[in-house]
>>> print(open('data03.cif').read())   # mmCIF, C-alpha atoms
data_final
loop_
_atom_site.label_atom_id
_atom_site.label_comp_id
_atom_site.auth_asym_id
_atom_site.auth_seq_id
_atom_site.Cartn_x
_atom_site.Cartn_y
_atom_site.Cartn_z
CA MET R 27 157.91 62.10 16.51
CA LYS R 28 160.00 61.85 19.64
CA ARG R 29 162.02 64.92 18.61
CA LEU R 30 158.79 66.82 17.95
CA VAL R 31 157.48 66.02 21.43
CA ILE R 32 160.76 67.12 23.00
CA LEU R 33 160.68 70.34 20.97
CA VAL R 34 157.11 71.12 22.03
CA ILE R 35 157.93 70.47 25.70
CA SER R 36 161.05 72.65 25.44
CA ILE R 37 159.08 75.51 23.92
CA PHE R 38 156.44 75.18 26.64
CA LEU R 39 159.03 75.23 29.43
CA PHE R 40 160.78 78.22 27.83
CA GLN R 41 157.48 80.12 27.66
CA GLU R 42 156.80 79.30 31.32
CA LEU R 43 160.21 80.66 32.30
CA LEU R 44 159.57 83.85 30.34
CA ALA R 45 156.16 84.22 31.99
CA GLN R 46 157.70 83.83 35.44
CA GLU R 47 160.44 86.37 34.68
CA GLY R 48 157.78 88.73 33.37
CA ASN R 49 156.21 88.75 36.84
CA TYR R 50 159.06 90.82 38.27
CA ALA R 51 159.53 94.56 38.12
CA GLU R 52 162.64 96.42 39.25
CA VAL R 53 161.63 99.56 41.13
CA ASN R 54 163.43 101.67 43.74
CA GLY R 55 166.32 99.22 43.97
CA VAL R 56 164.16 96.17 44.70
CA LYS R 57 162.75 93.41 42.54
CA LEU R 58 158.99 93.13 43.13
CA TYR R 59 157.15 89.93 42.34
CA TYR R 60 153.58 90.43 41.13
CA GLU R 61 150.75 88.52 39.49
CA ILE R 62 147.85 89.72 37.33
CA GLN R 63 144.56 87.91 36.93
CA GLY R 64 141.38 88.91 35.09
CA GLU R 65 140.36 91.83 32.91
CA GLY R 66 138.62 95.13 33.63
CA GLU R 67 139.28 98.01 36.00
CA PRO R 68 142.58 97.63 37.91
CA LEU R 69 142.31 96.41 41.51
CA VAL R 70 145.47 96.32 43.65
CA LEU R 71 145.56 93.92 46.61
CA LEU R 72 148.24 94.37 49.30
CA HIS R 73 148.96 91.77 51.99
CA GLY R 74 149.95 92.23 55.62
CA ASN R 75 153.41 92.05 57.17
CA THR R 76 154.97 88.53 57.20
CA MET R 77 152.39 87.45 54.56
CA THR R 78 152.50 87.12 50.76
CA ILE R 79 150.12 87.38 47.79
CA ASP R 80 148.92 83.90 48.78
CA MET R 81 146.62 85.45 51.41
CA TRP R 82 144.28 86.69 48.65
CA LYS R 83 143.75 83.28 47.01
CA PRO R 84 140.34 82.54 48.65
CA TRP R 85 138.82 85.58 46.91
CA LEU R 86 140.97 85.97 43.81
CA ASP R 87 138.80 84.05 41.35
CA ASP R 88 135.70 86.02 42.30
CA LEU R 89 137.40 89.42 42.37
CA SER R 90 139.03 88.83 38.97
CA LYS R 91 135.68 88.17 37.25
CA SER R 92 135.16 91.90 36.78
CA ASN R 93 138.58 93.37 37.60
CA LYS R 94 142.18 93.24 36.50
CA VAL R 95 143.53 92.10 39.86
CA ILE R 96 147.15 92.91 40.68
CA THR R 97 148.68 91.16 43.69
CA VAL R 98 152.19 92.04 44.86
CA ASP R 99 154.71 90.63 47.30
CA LEU R 100 155.79 93.75 49.21
CA ARG R 101 159.52 94.37 49.43
CA GLY R 102 161.26 91.74 51.55
CA HIS R 103 158.21 89.46 51.47
CA GLY R 104 157.72 86.27 49.50
CA LYS R 105 159.61 86.43 46.22
CA SER R 106 160.35 90.16 46.35
CA THR R 107 163.85 91.31 47.26
CA ASN R 108 165.01 93.95 49.74
CA PRO R 109 168.79 94.50 49.62
CA THR R 110 168.72 97.16 52.36
CA ASP R 111 166.72 95.04 54.86
CA ILE R 112 164.91 98.27 55.79
CA ILE R 113 161.12 98.22 55.50
CA SER R 114 158.70 101.11 55.94
CA HIS R 115 155.16 101.70 54.79
CA ARG R 116 156.23 104.79 52.90
CA GLU R 117 158.79 102.72 50.97
CA HIS R 118 156.11 100.13 50.23
CA ALA R 119 153.90 102.93 48.87
CA LEU R 120 156.65 104.28 46.61
CA ASP R 121 157.35 100.72 45.41
CA ILE R 122 153.72 100.12 44.45
CA TYR R 123 153.48 103.44 42.62
CA GLY R 124 156.68 102.48 40.80
CA LEU R 125 155.13 99.16 39.78
CA LEU R 126 151.95 100.87 38.57
CA GLU R 127 154.08 103.20 36.44
CA GLU R 128 155.73 100.13 34.90
CA LEU R 129 152.30 98.67 34.18
CA GLU R 130 151.06 102.04 32.84
CA ILE R 131 148.15 102.14 35.28
CA GLU R 132 146.90 105.58 36.31
CA LYS R 133 143.56 105.05 38.08
CA PHE R 134 142.87 102.01 40.25
CA SER R 135 140.95 100.67 43.22
CA ALA R 136 142.76 99.02 46.10
CA MET R 137 142.33 96.83 49.16
CA GLY R 138 144.89 96.15 51.86
CA PHE R 139 145.13 94.19 55.08
CA SER R 140 147.18 95.47 58.03
CA SER R 141 150.53 96.68 56.60
CA GLY R 142 148.96 96.52 53.14
CA GLY R 143 146.25 98.91 54.33
CA MET R 144 148.83 101.16 55.98
CA THR R 145 150.72 101.25 52.69
CA LEU R 146 147.50 102.34 50.99
CA ILE R 147 146.99 105.13 53.54
CA ASN R 148 150.40 106.43 52.49
CA MET R 149 149.50 106.08 48.81
CA ALA R 150 146.10 107.75 49.19
CA THR R 151 147.63 110.78 50.93
CA MET R 152 150.57 111.00 48.50
CA GLN R 153 148.45 111.14 45.35
CA THR R 154 144.88 111.91 46.31
CA ASN R 155 143.28 111.56 42.86
CA ARG R 156 144.52 108.17 41.66
CA ILE R 157 142.67 105.72 43.92
CA GLN R 158 139.00 105.35 42.94
CA SER R 159 137.81 103.19 45.85
CA LEU R 160 139.66 101.96 48.91
CA VAL R 161 139.16 99.09 51.37
CA LEU R 162 141.21 99.21 54.57
CA ILE R 163 141.16 96.04 56.72
CA GLY R 164 142.81 96.23 60.13
CA ALA R 165 144.86 99.26 59.07
CA ALA R 166 146.19 101.88 61.47
CA PRO R 167 147.17 105.49 60.64
CA TYR R 168 149.25 105.42 63.85
CA PHE R 169 149.99 102.98 66.66
CA THR R 170 148.66 103.38 70.19
CA GLU R 171 151.07 102.93 73.08
CA GLU R 172 149.35 99.62 73.93
CA THR R 173 149.92 98.44 70.39
CA ARG R 174 153.58 99.43 70.57
CA GLU R 175 154.02 97.40 73.75
CA TYR R 176 152.54 94.39 71.97
CA MET R 177 154.73 94.89 68.87
CA GLN R 178 157.84 95.05 71.04
CA LYS R 179 157.17 91.47 72.16
CA LEU R 180 157.06 90.02 68.65
CA THR R 181 160.63 88.78 68.42
CA TYR R 182 161.52 85.63 66.52
CA GLU R 183 161.98 83.77 69.80
CA TYR R 184 158.64 84.96 71.21
CA VAL R 185 156.63 84.00 68.11
CA THR R 186 158.36 80.61 67.88
CA VAL R 187 157.16 79.71 71.38
CA ASN R 188 153.83 81.55 71.63
CA ASN R 189 152.38 81.48 68.11
CA LYS R 190 153.37 78.26 66.39
CA ASP R 191 150.63 78.56 63.72
CA TRP R 192 151.97 81.94 62.65
CA MET R 193 155.52 80.61 62.55
CA GLU R 194 154.42 77.59 60.48
CA TYR R 195 152.66 79.92 58.03
CA MET R 196 155.80 82.00 57.55
CA ARG R 197 157.96 78.91 57.08
CA ASN R 198 155.57 77.71 54.37
CA PHE R 199 155.35 80.98 52.43
CA GLN R 200 158.62 82.87 52.98
CA PRO R 201 161.14 81.23 50.63
CA GLY R 202 164.09 82.90 52.37
CA GLY R 203 163.54 80.76 55.44
CA GLU R 204 164.57 81.72 58.95
CA LYS R 205 166.67 84.69 57.84
CA GLN R 206 163.74 86.24 55.98
CA ILE R 207 161.32 85.52 58.84
CA ARG R 208 163.63 87.19 61.36
CA ARG R 209 163.83 90.30 59.16
CA LEU R 210 160.06 90.50 58.80
CA LEU R 211 159.42 90.12 62.53
CA LYS R 212 162.00 92.81 63.15
CA VAL R 213 159.61 95.20 61.38
CA TYR R 214 157.34 94.91 64.43
CA THR R 215 160.03 95.38 67.07
CA ASP R 216 161.61 98.27 65.17
CA GLY R 217 158.18 99.80 64.54
CA ALA R 218 157.42 99.79 68.25
CA SER R 219 159.78 102.74 68.75
CA ASN R 220 159.37 104.38 65.32
CA TYR R 221 157.06 107.40 65.39
CA ASN R 222 157.86 108.59 61.86
CA ASP R 223 156.58 105.78 59.65
CA MET R 224 152.87 105.69 60.57
CA ASN R 225 151.93 109.02 62.13
CA PHE R 226 148.89 110.34 60.26
CA THR R 227 146.77 113.01 61.91
CA PRO R 228 143.13 113.77 60.95
CA PRO R 229 144.08 116.69 58.65
CA TYR R 230 146.26 114.36 56.56
CA LEU R 231 143.60 111.64 56.53
CA SER R 232 140.99 114.17 55.44
CA THR R 233 142.84 114.55 52.12
CA ILE R 234 141.79 111.02 51.14
CA SER R 235 139.04 111.83 48.67
CA CYS R 236 138.00 108.41 47.37
CA SER R 237 135.17 106.31 48.71
CA THR R 238 136.64 104.24 51.55
CA LEU R 239 135.43 101.15 53.42
CA ILE R 240 137.04 100.61 56.83
CA ILE R 241 136.79 97.06 58.22
CA ASN R 242 137.95 96.22 61.74
CA GLY R 243 137.43 93.54 64.35
CA ASP R 244 136.39 94.79 67.76
CA GLN R 245 139.09 92.63 69.39
CA ASP R 246 141.96 93.70 67.13
CA ILE R 247 145.19 94.13 69.12
CA ILE R 248 147.02 96.08 66.41
CA CYS R 249 144.03 98.31 65.67
CA PRO R 250 141.97 98.79 68.84
CA MET R 251 138.60 100.51 68.45
CA GLU R 252 140.11 103.99 68.72
CA ILE R 253 141.82 103.44 65.36
CA PRO R 254 138.90 102.67 63.01
CA MET R 255 136.88 105.43 64.68
CA VAL R 256 139.60 108.00 63.92
CA LEU R 257 139.82 106.77 60.32
CA HIS R 258 136.06 106.99 59.87
CA GLU R 259 135.79 110.42 61.44
CA SER R 260 138.75 111.79 59.44
CA ILE R 261 138.18 110.37 55.94
CA PRO R 262 135.27 112.36 54.44
CA ASN R 263 133.69 109.71 52.21
CA SER R 264 134.11 106.64 54.42
CA ASN R 265 132.02 103.73 55.63
CA LEU R 266 132.76 101.73 58.79
CA TRP R 267 132.17 98.02 59.37
CA ILE R 268 133.03 96.82 62.89
CA ILE R 269 132.83 93.03 63.25
CA PRO R 270 132.12 91.65 66.75
CA LYS R 271 134.47 89.03 68.23
CA PHE R 272 137.02 89.43 65.44
CA GLY R 273 140.72 90.11 65.94
CA HIS R 274 143.64 90.96 63.65
CA SER R 275 143.41 87.91 61.39
CA ILE R 276 142.49 87.90 57.71
CA PRO R 277 141.76 84.12 57.61
CA GLN R 278 139.02 84.72 60.19
CA PHE R 279 137.26 87.09 57.79
CA GLY R 280 137.10 84.41 55.12
CA THR R 281 136.30 81.34 57.19
CA GLU R 282 133.74 82.86 59.57
CA LEU R 283 132.11 85.52 57.40
CA GLY R 284 132.15 83.45 54.21
CA ASP R 285 130.23 85.02 51.33
CA LEU R 286 129.28 88.06 53.42
CA PHE R 287 132.87 89.31 53.36
CA LEU R 288 133.20 88.98 49.59
CA SER R 289 129.75 90.35 48.78
CA THR R 290 130.28 93.38 51.02
CA ILE R 291 133.55 94.23 49.30
CA THR R 292 132.33 93.68 45.75
CA ASN R 293 129.11 95.66 46.35
CA PHE R 294 131.11 98.51 47.85
CA MET R 295 133.53 98.67 44.93
CA ALA R 296 130.65 98.50 42.48
CA GLY R 297 129.06 101.47 44.23
CA GLY R 298 126.20 99.42 45.66
#
>>> encode(input="data03.cif", output="structure tokens")
Amino acid sequence: MKRLVILVISIFLFQELLAQEGNYAEVNGVKLYYEIQGEGEPLVLLHGNTMTIDMWKPWLDDLSKSNKVITVDLRGHGKSTNPTDIISHREHALDIYGLLEELEIEKFSAMGFSSGGMTLINMATMQTNRIQSLVLIGAAPYFTEETREYMQKLTYEYVTVNNKDWMEYMRNFQPGGEKQIRRLLKVYTDGASNYNDMNFTPPYLSTISCSTLIINGDQDIICPMEIPMVLHESIPNSNLWIIPKFGHSIPQFGTELGDLFLSTITNFMAGG
């Protein structure tokens, strides 16, 4: 009996290891970690810079009731690798399309916060017919000069002193520790002087053909009000939701808006 119990436990542990290994895909020279929950139409969720798939947990159970939800750690984030240490939104977009090829997914809906949304802007302009519905939360097609000045400040040393909650979050969810955190914050300081990565003009944005919901706080530092207005005016089939007294913080959407946030998204994706 004892041997049988040990055998059963061993088989279970072996299956768990296989399941974990099955959650990685090698694309474009990186190893992407992803998770899938639920059945139905594919829904891709992309997190913001310095975050991981964990940011979607408050809504994952509800969203997966009617969708096959795919969450991904973007390259260099969480459990995903990035041997080159170089991160751009275009590379993120190519990575996600590579993952979708691996999963044999052609059509899909998508939602992204901040860098996740900027990745989706790249994806939606690269292949205009694949995304069926799109939710962009605090996503910028380009950075204003004021935003660039703010990004330039976001060094490891600055965040350690001035935003201890953010630093604690990264230490809890970035398994690579201080080295990984420094690399992810460098995305901001490098991006402050990079005019090639996110530089979408209205003609490019007008090629996005899917139904799009743009969500933005009116106090967002990364995406000041100019940004969502340009997105809304440029994307033909778009809806705009400006939320008063909100900044660039996804937890605020969940804690302060509660069910309104989830119901708005699900109704939009359902065509309601």
>>> residues_around(input="data03.cif", residues="Met137 in chain R", least_positions_apart="5", cutoff="7 Å", atoms="all atoms listed in the file", output="ChimeraX atom specification")
/R:70-72,143,160-162
>>> atom_distance(input="data03.cif", atom1="CA of Thr145 in chain R", atom2="CA of Arg116 in chain R")
6.6 Å
>>> residues_around(input="data03.cif", residues="Val213 in chain R", least_positions_apart="4", cutoff="9 Å", atoms="only C-alpha atoms", output="PDB file with C-alpha atoms, keeping the file's coordinate frame")
ATOM      1  CA  ASN R  75     153.410  92.050  57.170  1.00  0.00           C
ATOM      2  CA  ILE R 112     164.910  98.270  55.790  1.00  0.00           C
ATOM      3  CA  ILE R 113     161.120  98.220  55.500  1.00  0.00           C
ATOM      4  CA  SER R 114     158.700 101.110  55.940  1.00  0.00           C
ATOM      5  CA  MET R 177     154.730  94.890  68.870  1.00  0.00           C
ATOM      6  CA  ARG R 208     163.630  87.190  61.360  1.00  0.00           C
ATOM      7  CA  ARG R 209     163.830  90.300  59.160  1.00  0.00           C
ATOM      8  CA  GLY R 217     158.180  99.800  64.540  1.00  0.00           C
ATOM      9  CA  ALA R 218     157.420  99.790  68.250  1.00  0.00           C
TER      10      ALA R 218
END
>>> residues_around(input="data03.cif", residues="Thr227 in chain R", least_positions_apart="2", cutoff="10 Å", atoms="all atoms listed in the file", output="ChimeraX atom specification")
/R:167-168,224-225,229-232,256-257,260
>>> closest_residue(input="data03.cif", among="R:Lys57, R:Ala296, R:Asn242, R:Ala150", to="Gln278 in chain R", atoms="all atoms listed in the file")
R:Asn242
>>> atom_distance(input="data03.cif", atom1="CA of Thr292 in chain R", atom2="CA of Thr78 in chain R")
21.8 Å
>>> atom_distance(input="data03.cif", atom1="CA of Glu282 in chain R", atom2="CA of Pro270 in chain R")
11.5 Å
